[in-house]
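*Asks:* Contents of my_file.txt (compact mmCIF, C-alpha atoms) are below:
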# COMPACT_ATOMS: atom_id res chain seq x y z
CA MET A 583 12.93 8.58 10.89
CA ARG A 584 9.40 7.41 10.03
CA ARG A 585 9.85 8.62 6.45
CA THR A 586 13.02 6.57 6.14
CA LYS A 587 11.22 3.51 7.48
CA LEU A 588 8.36 4.12 5.06
CA LEU A 589 10.73 4.39 2.12
CA LEU A 590 12.57 1.24 3.18
CA LEU A 591 9.25 -0.57 3.55
CA LEU A 592 8.18 0.41 0.04
CA ILE A 593 11.54 -0.65 -1.36
CA GLY A 594 11.23 -3.96 0.46
CA VAL A 595 7.74 -4.49 -0.88
CA SER A 596 8.94 -3.75 -4.39
CA VAL A 597 11.80 -6.21 -4.07
CA MET A 598 9.58 -8.81 -2.45
CA PHE A 599 7.01 -8.66 -5.22
CA SER A 600 9.48 -8.42 -8.09
CA GLY A 601 9.65 -12.21 -8.16
CA VAL A 602 5.93 -12.82 -7.72
CA PRO A 603 4.36 -14.94 -10.46
CA ALA A 604 2.34 -13.08 -13.08
CA GLU A 605 -0.96 -14.44 -11.81
CA ALA A 606 -0.53 -12.86 -8.37
CA GLY A 607 -1.46 -9.21 -8.57
CA GLN A 608 -0.73 -8.80 -12.26
CA ALA A 609 -3.22 -8.11 -14.99
CA ASN A 610 -4.35 -11.25 -16.77
CA LEU A 611 -5.36 -11.39 -20.42
CA SER A 612 -8.80 -9.97 -19.63
CA GLY A 613 -7.18 -6.93 -17.96
CA LYS A 614 -8.42 -7.86 -14.47
CA TYR A 615 -6.20 -8.23 -11.43
CA ASP A 616 -6.04 -11.26 -9.17
CA GLN A 617 -7.99 -10.24 -6.08
CA SER A 618 -7.45 -13.45 -4.08
CA LEU A 619 -4.88 -11.99 -1.66
CA ARG A 620 -6.62 -8.71 -0.97
CA LYS A 621 -7.72 -7.91 2.57
CA GLY A 622 -10.69 -5.83 1.47
CA GLU A 623 -9.68 -2.17 1.63
CA THR A 624 -12.04 -0.39 -0.75
CA ARG A 625 -11.45 3.27 0.13
CA ALA A 626 -9.46 5.38 -2.32
CA THR A 627 -5.94 6.48 -1.42
CA LEU A 628 -5.22 10.15 -0.87
CA ASN A 629 -4.01 12.27 -3.76
CA PRO A 630 -0.17 12.23 -3.73
CA GLY A 631 -0.14 15.86 -4.87
CA MET A 632 -1.39 17.03 -1.49
CA PHE A 633 1.99 16.26 0.09
CA SER A 634 4.99 18.55 -0.32
CA GLU A 635 7.60 16.07 0.96
CA PRO A 636 8.87 14.14 -2.12
CA THR A 637 9.34 10.85 -0.26
CA ILE A 638 5.82 10.90 1.12
CA ARG A 639 4.40 11.94 -2.23
CA GLU A 640 6.20 9.01 -3.91
CA ALA A 641 4.89 6.58 -1.31
CA TYR A 642 1.30 7.74 -1.81
CA GLN A 643 1.78 7.55 -5.59
CA ALA A 644 2.98 3.95 -5.24
CA ALA A 645 -0.09 3.15 -3.14
CA LYS A 646 -2.28 4.68 -5.82
CA ASP A 647 -0.49 2.78 -8.60
CA ILE A 648 -0.43 -0.68 -7.01
CA PRO A 649 -3.24 -0.88 -4.45
CA TRP A 650 -3.72 -4.64 -4.94
CA VAL A 651 -0.14 -5.21 -3.73
CA LEU A 652 -0.42 -3.05 -0.60
CA ASP A 653 -3.85 -4.47 0.19
CA SER A 654 -2.33 -7.95 0.32
CA ILE A 655 0.30 -6.97 2.92
CA TYR A 656 -0.16 -6.93 6.68
CA CYS A 657 0.60 -3.53 8.19
CA TYR A 658 3.34 -3.91 10.79
CA CYS A 659 2.58 -0.62 12.52
CA GLN A 660 -0.23 -2.66 14.15
CA CYS A 661 -2.94 -0.25 13.12
CA ALA A 662 -5.11 -3.28 12.31
CA GLU A 663 -5.21 -4.08 16.03
CA SER A 664 -5.85 -0.51 17.08
CA PRO A 665 -9.43 0.36 18.02
CA VAL A 666 -8.77 3.83 16.58
CA PHE A 667 -7.56 2.86 13.11
CA ARG A 668 -8.99 -0.65 12.49
CA HIS A 669 -7.01 -0.93 9.26
CA LYS A 670 -7.46 -3.96 7.01
CA SER A 671 -4.01 -3.92 5.38
CA LEU A 672 -1.04 -1.71 4.55
CA LEU A 673 -3.19 0.01 1.92
CA SER A 674 -5.42 1.36 4.70
CA CYS A 675 -2.56 3.58 5.88
CA TYR A 676 -2.76 5.46 2.58
CA VAL A 677 -6.47 6.30 2.64
CA ASP A 678 -5.73 8.91 5.29
CA LYS A 679 -2.61 10.72 6.49
CA HIS A 680 -1.49 7.82 8.67
CA ALA A 681 1.34 6.80 6.33
CA ALA A 682 2.68 10.36 6.31
CA MET A 683 3.07 10.56 10.09
Let me see the structure of the file written as structure tokens.

*Replies:*
Amino acid sequence: MRRTKLLLLLIGVSVMFSGVPAEAGQANLSGKYDQSLRKGETRATLNPGMFSEPTIREAYQAAKDIPWVLDSIYCYCQCAESPVFRHKSLLSCYVDKHAAM
């Protein structure tokens, strides 16, 4: 159930950002990404290869490929409010096994 929700969330994020202007999260001519929307997660995401479930592996690969997008999205699992997790954004769920739960 959680995996299905995760997959749907990633699909939704992809659809949502498919119409985003080039200057928001895309590489500019200098090769740098617009950082203005980022919430400040600086930790690296986990290696997707450490997961055997294909859906989870794909989700972690997406987080690794487009961290600036996930770091600009509020995490609706409310881990930002949790005193245990204290996540900064959706990207924070991918720096540990939280997104795979």

*Asks:* Could you tell me, as a PyMOL selection string, which residues have any atom at most 9 Å from (1.9, -8.7, 3.2), counting all atoms listed in the file?

*Replies:* chain A and resi 595+619+651-657+671-672

*Asks:* Between CA of Lys679 (chain A) and CA of Leu628 (chain A), what is the distance in Å, rounded to a tenth?

*Replies:*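 Between these atoms lies a distance of 7.8 Å.
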
*Asks:* Please indicate the distance in Å from CA of Ser634 (chain A) to CA of Val677 (chain A), rounded to one decimal place.

*Replies:* 17.0 Å

*Asks:* By how many Å are CA of Arg639 (chain A) and CA of Ala682 (chain A) apart?

*Replies:*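 If I compute the distance from CA of Arg639 (chain A) to CA of Ala682 (chain A), I get 8.9 Å.
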
*Asks:* Using only C-alpha atoms, which of A:Pro636, A:Arg620, A:Cys675, A:Ala641 sits nearest Gln660 (chain A)?

*Replies:*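 Residue with the minimum atom-to-atom distance to Gln660 (chain A): A:Cys675.
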